[in-house]
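Listing of query.csv; format and content: CSV, C-alpha atoms (C1' of nucleotides).
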chain,number,residue,atom,x,y,z
A,20,MET,CA,-33.6,5.6,25.3
A,21,ALA,CA,-36.8,5.1,27.2
A,22,HIS,CA,-34.8,5.7,30.4
A,23,ARG,CA,-33.8,9.1,29.3
A,24,SER,CA,-37.2,10.5,29.4
A,25,THR,CA,-37.7,9.3,33.0
A,26,GLN,CA,-34.4,10.7,34.3
A,27,PRO,CA,-35.2,13.1,37.1
A,28,VAL,CA,-34.2,16.7,36.5
A,29,ILE,CA,-34.3,19.8,38.7
A,30,SER,CA,-33.9,23.5,38.4
A,31,LEU,CA,-32.1,24.9,41.5
A,32,THR,CA,-32.5,28.6,40.8
A,33,CYS,CA,-35.7,30.7,40.8
A,34,LYS,CA,-34.9,32.1,37.4
A,35,SER,CA,-35.3,29.0,35.2
A,36,ALA,CA,-32.7,30.2,32.7
A,37,GLY,CA,-30.4,27.5,31.4
A,38,PRO,CA,-30.9,23.8,31.2
A,39,ALA,CA,-32.2,21.9,34.3
A,40,LEU,CA,-29.8,19.8,36.2
A,41,ARG,CA,-29.9,16.1,35.4
A,42,LEU,CA,-30.0,13.8,38.4
A,43,CYS,CA,-29.0,10.2,39.0
A,44,ARG,CA,-30.5,7.8,41.5
A,45,ILE,CA,-28.0,5.8,43.6
A,46,PRO,CA,-28.5,3.4,46.5
A,47,GLY,CA,-28.5,5.2,49.9
A,48,ALA,CA,-27.0,2.2,51.8
A,49,GLY,CA,-29.2,3.0,54.8
A,50,ILE,CA,-28.2,6.7,55.2
A,51,ASP,CA,-30.5,9.3,56.6
A,52,LEU,CA,-29.4,12.4,54.6
A,53,GLU,CA,-31.1,15.0,56.8
A,54,LYS,CA,-29.7,13.6,60.1
A,55,THR,CA,-26.3,13.2,58.5
A,56,LEU,CA,-26.1,16.8,57.3
A,57,GLU,CA,-27.8,18.4,60.4
A,58,CYS,CA,-26.4,16.4,63.3
A,59,GLY,CA,-23.6,18.9,64.0
A,60,GLN,CA,-20.6,17.4,62.2
A,61,VAL,CA,-20.9,19.6,59.2
A,62,PHE,CA,-22.5,23.1,59.0
A,63,HIS,CA,-22.7,24.5,55.5
A,64,TRP,CA,-25.3,22.4,53.8
A,65,THR,CA,-28.5,24.4,53.0
A,66,ARG,CA,-32.0,23.1,52.3
A,67,ARG,CA,-33.1,23.7,48.7
A,68,GLN,CA,-36.3,22.4,47.4
A,69,ALA,CA,-36.6,18.7,48.5
A,70,GLY,CA,-32.8,18.4,49.2
A,71,PHE,CA,-29.6,20.2,50.2
A,72,ILE,CA,-27.1,22.3,48.3
A,73,GLY,CA,-23.5,22.5,49.3
A,74,THR,CA,-19.9,21.7,48.4
A,75,MET,CA,-17.8,18.6,48.8
A,76,GLY,CA,-14.4,20.1,48.7
A,77,GLU,CA,-14.3,22.0,45.4
A,78,THR,CA,-17.3,20.2,44.0
A,79,PRO,CA,-20.7,21.9,44.3
A,80,SER,CA,-23.6,19.5,44.6
A,81,TYR,CA,-27.2,18.9,45.2
A,82,LEU,CA,-28.3,15.9,47.4
A,83,GLU,CA,-31.8,14.6,47.8
A,84,GLN,CA,-33.1,11.5,49.6
A,85,VAL,CA,-35.9,9.6,47.9
A,86,GLU,CA,-37.0,6.7,50.0
A,87,SER,CA,-33.8,4.7,50.6
A,88,ASP,CA,-32.0,6.1,47.6
A,89,LEU,CA,-30.2,9.4,46.8
A,90,LEU,CA,-30.6,11.7,43.9
A,91,VAL,CA,-27.3,13.3,42.9
A,92,PRO,CA,-26.2,15.3,39.9
A,93,GLU,CA,-25.1,13.3,36.9
A,94,GLY,CA,-21.4,12.7,37.2
A,95,HIS,CA,-21.4,12.6,41.0
A,96,GLN,CA,-22.1,8.9,41.4
A,97,THR,CA,-18.6,8.2,42.8
A,98,VAL,CA,-17.8,11.4,44.7
A,99,VAL,CA,-21.0,11.5,46.7
A,100,PRO,CA,-20.8,7.9,48.2
A,101,ARG,CA,-17.2,8.6,49.2
A,102,TYR,CA,-18.0,12.0,50.8
A,103,LEU,CA,-21.1,10.6,52.7
A,104,ALA,CA,-19.1,7.4,53.6
A,105,LEU,CA,-21.8,5.1,52.2
A,106,ASP,CA,-19.2,2.4,52.4
A,107,HIS,CA,-19.2,2.3,56.2
A,108,SER,CA,-20.6,-1.0,57.4
A,109,ILE,CA,-23.3,0.5,59.7
A,110,ASP,CA,-24.4,-2.9,60.9
A,111,VAL,CA,-21.0,-3.8,62.0
A,112,ILE,CA,-20.5,-0.5,63.7
A,113,GLU,CA,-23.8,-0.6,65.6
A,114,ALA,CA,-23.2,-4.2,66.6
A,115,SER,CA,-19.9,-3.1,68.2
A,116,PHE,CA,-21.6,-0.7,70.6
A,117,PRO,CA,-22.2,-1.8,74.2
A,118,LYS,CA,-25.8,-2.8,74.7
A,119,ASP,CA,-27.0,-0.5,77.5
A,120,PRO,CA,-30.4,1.4,77.4
A,121,ALA,CA,-28.9,4.8,76.6
A,122,ILE,CA,-27.0,3.4,73.5
A,123,ARG,CA,-30.1,1.4,72.4
A,124,ALA,CA,-32.2,4.6,72.6
A,125,ALA,CA,-29.6,6.6,70.8
A,126,ILE,CA,-29.4,4.0,68.0
A,127,ARG,CA,-33.1,4.0,67.6
A,128,PHE,CA,-33.2,7.8,67.4
A,129,SER,CA,-30.0,8.5,65.4
A,130,ARG,CA,-29.9,5.6,63.0
A,131,GLY,CA,-28.9,6.6,59.5
A,132,ILE,CA,-26.2,9.1,60.6
A,133,ARG,CA,-22.9,8.7,58.7
A,134,ILE,CA,-19.7,10.1,59.9
A,135,ILE,CA,-18.8,11.8,56.6
A,136,ARG,CA,-15.4,12.4,55.1
A,137,GLN,CA,-14.7,16.1,55.3
A,138,PRO,CA,-11.7,18.0,53.8
A,139,ILE,CA,-9.1,18.3,56.5
A,140,TRP,CA,-8.5,22.1,56.5
A,141,GLU,CA,-12.1,22.9,56.0
A,142,CYS,CA,-13.0,20.8,59.1
A,143,LEU,CA,-10.1,22.1,61.2
A,144,ALA,CA,-10.9,25.8,60.4
A,145,THR,CA,-14.7,25.3,60.9
A,146,PHE,CA,-14.2,23.7,64.3
A,147,LEU,CA,-11.7,26.5,65.2
A,148,THR,CA,-14.7,28.8,64.8
A,149,SER,CA,-16.9,26.6,66.9
A,150,ALA,CA,-15.5,27.4,70.3
A,151,MET,CA,-18.4,28.6,72.6
A,152,LYS,CA,-20.8,29.0,69.6
A,153,GLN,CA,-24.2,27.4,69.0
A,154,VAL,CA,-24.5,25.3,65.9
A,155,SER,CA,-26.5,28.0,64.1
A,156,HIS,CA,-23.7,30.5,64.7
A,157,ILE,CA,-21.1,28.1,63.4
A,158,ARG,CA,-23.1,27.6,60.3
A,159,SER,CA,-23.6,31.3,59.6
A,160,ILE,CA,-19.8,32.0,60.2
A,161,SER,CA,-19.0,29.2,57.8
A,162,LEU,CA,-21.3,30.6,55.1
A,163,MET,CA,-20.0,34.1,55.6
A,164,MET,CA,-16.3,33.0,55.2
A,165,ARG,CA,-17.2,31.1,52.1
A,166,LYS,CA,-19.1,33.9,50.5
A,167,ARG,CA,-16.4,36.5,51.3
A,168,PHE,CA,-13.2,34.5,50.8
A,169,GLY,CA,-14.1,31.3,49.0
A,170,LYS,CA,-13.9,30.4,45.3
A,171,LYS,CA,-17.1,30.7,43.3
A,172,VAL,CA,-18.1,27.4,41.8
A,173,ARG,CA,-21.1,26.6,39.6
A,174,LEU,CA,-23.6,23.7,39.4
A,175,GLY,CA,-25.6,24.5,36.4
A,176,SER,CA,-27.1,27.9,37.0
A,177,LEU,CA,-26.5,27.7,40.8
A,178,GLU,CA,-23.5,29.5,42.3
A,179,LEU,CA,-21.9,28.2,45.5
A,180,HIS,CA,-18.6,29.0,47.3
A,181,THR,CA,-15.9,26.7,48.4
A,182,PHE,CA,-14.3,27.0,51.9
A,183,PRO,CA,-11.4,29.4,51.5
A,184,ALA,CA,-7.9,27.7,51.2
A,185,PRO,CA,-5.3,28.3,54.0
A,186,GLU,CA,-3.4,30.5,51.7
A,187,VAL,CA,-6.4,32.8,51.3
A,188,ILE,CA,-7.0,33.0,55.0
A,189,ALA,CA,-3.3,33.5,55.8
A,190,ALA,CA,-3.3,36.5,53.5
A,191,CYS,CA,-6.2,38.1,55.3
A,192,ASN,CA,-5.8,40.7,58.0
A,193,LEU,CA,-7.6,40.3,61.3
A,194,ASN,CA,-10.3,42.9,60.5
A,195,ASP,CA,-11.3,40.9,57.4
A,196,LEU,CA,-12.0,37.9,59.5
A,197,LEU,CA,-13.7,39.9,62.2
A,198,GLU,CA,-16.3,41.0,59.7
A,199,CYS,CA,-17.3,37.3,59.5
A,200,ARG,CA,-18.2,37.6,63.2
A,201,LEU,CA,-15.4,35.3,64.4
A,202,GLY,CA,-14.8,37.3,67.5
A,203,PHE,CA,-11.9,36.0,69.6
A,204,ARG,CA,-11.6,33.0,67.3
A,205,ALA,CA,-10.3,35.1,64.4
A,206,ARG,CA,-6.8,35.3,65.9
A,207,ASN,CA,-6.6,31.5,66.0
A,208,VAL,CA,-8.0,30.9,62.5
A,209,LEU,CA,-5.5,33.4,61.1
A,210,ALA,CA,-2.5,32.0,63.0
A,211,THR,CA,-3.4,28.4,62.1
A,212,ALA,CA,-3.7,29.3,58.4
A,213,GLN,CA,-0.3,31.0,58.6
A,214,MET,CA,1.3,28.0,60.2
A,215,ILE,CA,0.0,25.7,57.5
A,216,THR,CA,1.0,28.0,54.7
A,217,ALA,CA,4.5,28.3,56.2
A,218,ASN,CA,4.7,24.5,56.2
A,219,LYS,CA,5.2,24.3,60.0
A,220,ILE,CA,2.7,21.4,60.0
A,221,GLN,CA,1.5,19.5,56.9
A,222,LEU,CA,-2.1,18.4,57.5
A,223,LYS,CA,-1.9,15.6,54.9
A,224,GLU,CA,1.2,14.1,56.6
A,225,LEU,CA,-0.8,13.6,59.9
A,226,SER,CA,-2.8,10.9,58.1
A,227,SER,CA,0.1,8.4,58.4
A,228,LEU,CA,0.5,9.0,62.2
A,229,PRO,CA,-1.0,7.0,65.0
A,230,THR,CA,-4.1,8.8,66.4
A,231,ALA,CA,-2.4,9.9,69.6
A,232,GLU,CA,0.5,11.5,67.7
A,233,ALA,CA,-1.8,13.1,65.2
A,234,ARG,CA,-3.8,14.6,68.1
A,235,GLU,CA,-0.7,15.9,69.7
A,236,MET,CA,0.3,17.7,66.4
A,237,LEU,CA,-3.2,19.1,65.9
A,238,CYS,CA,-3.1,20.6,69.4
A,239,ARG,CA,0.0,22.7,68.4
A,240,PHE,CA,-2.3,24.9,66.4
A,241,PRO,CA,-3.5,27.9,68.4
A,242,GLY,CA,-7.1,27.4,69.6
A,243,VAL,CA,-7.0,23.6,69.2
A,244,GLY,CA,-7.3,21.6,72.3
A,245,ASP,CA,-8.4,18.0,72.9
A,246,LYS,CA,-12.0,18.6,71.9
A,247,ILE,CA,-11.4,20.3,68.5
A,248,ALA,CA,-8.5,17.9,67.8
A,249,ASN,CA,-10.9,15.0,68.3
A,250,CYS,CA,-13.5,16.5,66.0
A,251,VAL,CA,-10.9,16.8,63.2
A,252,LEU,CA,-9.6,13.3,63.9
A,253,LEU,CA,-13.1,11.9,63.7
A,254,PHE,CA,-14.7,14.0,60.9
A,255,ALA,CA,-11.6,14.4,58.6
A,256,TYR,CA,-9.0,11.7,59.5
A,257,GLU,CA,-11.4,8.8,59.8
A,258,ARG,CA,-10.4,8.0,63.3
A,259,MET,CA,-13.6,6.3,64.4
A,260,ASP,CA,-12.4,5.9,68.0
A,261,ALA,CA,-11.8,9.7,68.5
A,262,VAL,CA,-14.4,11.1,70.9
A,263,PRO,CA,-14.9,14.9,71.2
A,264,ILE,CA,-16.1,15.8,74.7
A,265,ASP,CA,-18.2,18.9,74.5
A,266,VAL,CA,-20.8,20.3,76.9
A,267,TRP,CA,-23.6,18.2,75.5
A,268,ILE,CA,-21.9,14.9,75.4
A,269,GLY,CA,-20.4,15.7,78.8
A,270,ARG,CA,-23.9,16.2,80.2
A,271,ALA,CA,-25.1,13.0,78.5
A,272,LEU,CA,-22.3,10.9,79.9
A,273,ARG,CA,-22.4,12.3,83.4
A,274,GLN,CA,-26.1,11.9,83.7
A,275,THR,CA,-26.2,8.5,82.1
A,276,TYR,CA,-23.1,6.8,83.4
A,277,PHE,CA,-22.1,8.6,86.6
A,278,SER,CA,-23.9,9.4,89.8
A,279,GLU,CA,-25.6,12.8,90.5
A,280,ASP,CA,-23.3,15.6,89.5
A,281,GLN,CA,-20.2,14.2,91.0
A,282,PRO,CA,-17.4,16.3,89.6
A,283,VAL,CA,-16.2,14.2,86.6
A,284,GLY,CA,-13.5,15.9,84.6
A,285,ALA,CA,-13.2,15.8,80.8
A,286,SER,CA,-10.1,13.6,81.0
A,287,ARG,CA,-12.0,11.0,83.0
A,288,LEU,CA,-14.9,11.1,80.6
A,289,SER,CA,-12.4,10.6,77.8
A,290,GLU,CA,-11.0,7.5,79.5
A,291,PHE,CA,-14.6,6.2,80.0
A,292,CYS,CA,-15.3,6.5,76.3
A,293,ARG,CA,-13.2,3.4,75.6
A,294,TYR,CA,-16.3,1.6,76.9
A,295,PHE,CA,-18.0,2.4,73.6
A,296,GLY,CA,-15.4,0.3,71.7
A,297,PRO,CA,-13.5,0.8,68.4
A,298,TYR,CA,-16.2,3.0,66.9
A,299,ALA,CA,-16.6,5.2,70.0
A,300,GLY,CA,-16.7,8.3,67.8
A,301,TYR,CA,-19.8,7.0,66.0
A,302,ALA,CA,-21.4,6.1,69.4
A,303,GLN,CA,-20.6,9.6,70.6
A,304,GLN,CA,-22.3,11.2,67.5
A,305,TYR,CA,-25.4,9.1,68.0
A,306,LEU,CA,-25.6,10.1,71.7
A,307,PHE,CA,-24.8,13.7,70.9
A,308,HIS,CA,-27.6,13.9,68.3
A,309,HIS,CA,-30.1,12.2,70.5
A,310,TRP,CA,-29.3,14.2,73.6
A,311,ARG,CA,-29.2,17.6,71.7
A,312,MET,CA,-32.6,17.0,70.0
A,313,THR,CA,-34.3,15.6,73.0
A,314,TYR,CA,-33.0,17.5,76.0
A,315,ARG,CA,-32.5,20.8,74.4
A,316,LYS,CA,-35.1,22.6,76.6
A,317,THR,CA,-35.5,20.5,79.7
A,318,ARG,CA,-31.7,20.4,80.4
B,27,DA,C1',-31.9,41.8,80.8
B,28,DT,C1',-29.4,37.5,81.8
B,29,DC,C1',-27.6,33.2,80.4
B,30,DC,C1',-25.2,30.1,77.5
B,31,DA,C1',-23.2,28.1,73.3
B,32,DG,C1',-19.9,21.1,69.8
B,33,DG,C1',-13.5,25.6,74.1
B,34,DA,C1',-8.8,27.0,74.8
B,35,DT,C1',-5.6,29.1,77.6
B,36,DA,C1',-3.0,31.9,80.9
B,37,DG,C1',-2.6,32.5,85.6
B,38,DC,C1',-3.3,31.1,89.8
B,39,DG,C1',-2.9,27.7,94.4
C,27,DC,C1',-1.7,18.7,88.7
C,28,DG,C1',-6.8,21.2,89.1
C,29,DC,C1',-9.5,25.3,89.2
C,30,DT,C1',-11.0,30.0,87.4
C,31,DA,C1',-11.6,34.2,84.6
C,32,DT,C1',-11.6,35.6,80.2
C,33,DC,C1',-12.0,35.8,75.4
C,34,DA,C1',-16.7,38.0,71.1
C,35,DT,C1',-21.1,37.4,69.5
C,36,DG,C1',-25.9,36.3,69.0
C,37,DG,C1',-30.0,33.5,70.0
C,38,DA,C1',-33.2,32.0,73.5
Kindly present the structure from the file in structure tokens form.
Amino acid sequence: MAHRSTQPVISLTCKSAGPALRLCRIPGAGIDLEKTLECGQVFHWTRRQAGFIGTMGETPSYLEQVESDLLVPEGHQTVVPRYLALDHSIDVIEASFPKDPAIRAAIRFSRGIRIIRQPIWECLATFLTSAMKQVSHIRSISLMMRKRFGKKVRLGSLELHTFPAPEVIAACNLNDLLECRLGFRARNVLATAQMITANKIQLKELSSLPTAEAREMLCRFPGVGDKIANCVLLFAYERMDAVPIDVWIGRALRQTYFSEDQPVGASRLSEFCRYFGPYAGYAQQYLFHHWRMTYRKTR
DNA sequence: ATCCAGGATAGCG
DNA sequence: CGCTATCATGGA
């Protein structure tokens, strides 16, 4: 009973109507929450007070880091560690990386990032909107789609929106989506949602396929090529060896591992990434984050 | 104003 | 094969 009075509580809305949210403290297992939610793998989490608000699938939540622990809403003690992949053996993963200077520096800078477990459709649709967009744009598009088409869910007095289901997007017309500033990506998002709703490809069934075959299937969706397919494989299908090659990681790899702007194509870079080992996707995320934060201006 | 962004793709040689 | 222009939109 003495514990109850020390249980942390929080009120997430300005108007302090309703009971405050009761929080639980759980071990963070070495995670850095801020890096994890802001390193460019997921886009909808929003800073609120000392933590972040957002949804894990249908579940609205609040996450806050306190020293090495996490504060989560009461009742979320199981779903949060799964979503944030706190079970990943980060020591094993980092020990599997090659020991070159670039990797060492990236580990030092990016330590604490977890490759989280995102809902498959949400991940696929979000990265469909990511083509030729800055991270801040992807984020605002995701939030607009949620607000306009998502389901309203409540956490205490706080209202959030889930990412709209494929059926909801499939029923939209192009102009609805264009209002979320999707531009030329709207066509692809709509057509992909319609393919899924028509059962042309079942996303869940790809889980049982070898990575190469799952990638091939993902690339059948309009607007999905190797890069976006690899994002979905890494961030939603738990394929830790999948490496998305984008402009940033391309620059990092060429400048670090190849000589002076020799033309090195994406396919050759992709081959090279086997060098990073069985957790190449993790290594890629470390490098991506380090490079993007460090060389943003200087190029 | 000009350039570029966690790309994909049709259309060329 | 590999290379290029093009696709909307907004921040720097």
Show me, as an mmCIF file with C-alpha atoms, in the coordinates of the input, the residues of chain A whose atoms get within 6 Å of chain B, using only C-alpha atoms (C1' of nucleotides) for the distance check.
data_model
loop_
_atom_site.group_PDB
_atom_site.id
_atom_site.type_symbol
_atom_site.label_atom_id
_atom_site.label_comp_id
_atom_site.auth_asym_id
_atom_site.auth_seq_id
_atom_site.Cartn_x
_atom_site.Cartn_y
_atom_site.Cartn_z
ATOM 1 C CA ALA A 150 -15.500 27.400 70.300
ATOM 2 C CA MET A 151 -18.400 28.600 72.600
ATOM 3 C CA LYS A 152 -20.800 29.000 69.600
ATOM 4 C CA GLN A 153 -24.200 27.400 69.000
ATOM 5 C CA GLY A 242 -7.100 27.400 69.600
ATOM 6 C CA ASP A 265 -18.200 18.900 74.500
#
Excluding range 28-37 of chain C and its own-chain neighbours fewer than 3 positions away, which residues fall within 7 Å of it when counting all atoms listed in the file? Please give them as a PyMOL selection string. chain A and resi 200+202-203
Report, in Å to a single decimal, how far apart CA of Glu141 in chain A and CA of Ser226 in chain A are.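 Between these atoms lies a distance of 15.3 Å.
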Selection as a list of chain:residue names: residues within 9 Å of (-35.2, 13.4, 66.4), counting all atoms listed in the file: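 Output: A:Lys54, A:Phe128, A:Ser129, A:His308, A:His309, A:Met312, A:Thr313.
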Give me the residues near Pro117 in chain A as a ChimeraX atom specification, where near means some atom within 7 Å (using only C-alpha atoms (C1' of nucleotides)) and where sequence neighbours in that chain fewer than 2 positions away do not count. /A:115,119,295
When you count only C-alpha atoms (C1' of nucleotides), which of these residues is closest to chain C: A:Glu232, A:Glu290, A:Asp245, A:Glu198?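 That would be A:Glu198, the residue with the smallest distance to chain C.
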From A:Tyr294, A:Arg270, A:Leu197, A:Ser289, residue lying nearest chain C [only C-alpha atoms (C1' of nucleotides)]: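 Nearest to chain C: A:Leu197.
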Quote the spacing between CA of Thr97 in chain A and CA of Leu82 in chain A in Å to one decimal place.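 Interatomic distance here is 13.2 Å.
Closest approach to chain C among A:His156, A:Asn192, A:Asp260, A:Ile122: A:His156, based on all atoms listed in the file.
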Using Å and a single decimal, report how far CA of Ile109 in chain A sits from CA of Leu52 in chain A.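 Computing it gives 14.3 Å between the two atoms.
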Is there a way to complete range 293-305 of chain A with N, CA and C atoms and then write that out as a JSON list (two decimals), in the coordinates of the input?
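Result went into part-v7.json, see below:
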[["chain", "number", "residue", "atom", "x", "y", "z"],
["A", 293, "ARG", "N", -13.70, 4.68, 76.16],
["A", 293, "ARG", "CA", -13.20, 3.40, 75.60],
["A", 293, "ARG", "C", -14.28, 2.33, 75.73],
["A", 294, "TYR", "N", -15.16, 2.53, 76.71],
["A", 294, "TYR", "CA", -16.30, 1.60, 76.90],
["A", 294, "TYR", "C", -17.11, 1.45, 75.65],
["A", 295, "PHE", "N", -17.15, 2.47, 74.80],
["A", 295, "PHE", "CA", -18.00, 2.40, 73.60],
["A", 295, "PHE", "C", -17.35, 1.60, 72.47],
["A", 296, "GLY", "N", -16.07, 1.24, 72.63],
["A", 296, "GLY", "CA", -15.40, 0.30, 71.70],
["A", 296, "GLY", "C", -14.72, 1.04, 70.53],
["A", 297, "PRO", "N", -14.36, 0.26, 69.49],
["A", 297, "PRO", "CA", -13.50, 0.80, 68.40],
["A", 297, "PRO", "C", -14.20, 1.86, 67.56],
["A", 298, "TYR", "N", -15.52, 1.94, 67.62],
["A", 298, "TYR", "CA", -16.20, 3.00, 66.90],
["A", 298, "TYR", "C", -16.86, 3.98, 67.87],
["A", 299, "ALA", "N", -16.12, 4.29, 68.92],
["A", 299, "ALA", "CA", -16.60, 5.20, 70.00],
["A", 299, "ALA", "C", -17.05, 6.53, 69.42],
["A", 300, "GLY", "N", -16.35, 6.99, 68.38],
["A", 300, "GLY", "CA", -16.70, 8.30, 67.80],
["A", 300, "GLY", "C", -18.11, 8.25, 67.19],
["A", 301, "TYR", "N", -18.44, 7.14, 66.56],
["A", 301, "TYR", "CA", -19.80, 7.00, 66.00],
["A", 301, "TYR", "C", -20.82, 6.95, 67.16],
["A", 302, "ALA", "N", -20.52, 6.18, 68.21],
["A", 302, "ALA", "CA", -21.40, 6.10, 69.40],
["A", 302, "ALA", "C", -21.66, 7.49, 69.94],
["A", 303, "GLN", "N", -20.57, 8.24, 70.05],
["A", 303, "GLN", "CA", -20.60, 9.60, 70.60],
["A", 303, "GLN", "C", -21.57, 10.45, 69.72],
["A", 304, "GLN", "N", -21.48, 10.32, 68.38],
["A", 304, "GLN", "CA", -22.30, 11.20, 67.50],
["A", 304, "GLN", "C", -23.79, 10.79, 67.63],
["A", 305, "TYR", "N", -24.05, 9.50, 67.79],
["A", 305, "TYR", "CA", -25.40, 9.10, 68.00],
["A", 305, "TYR", "C", -25.97, 9.66, 69.31]]
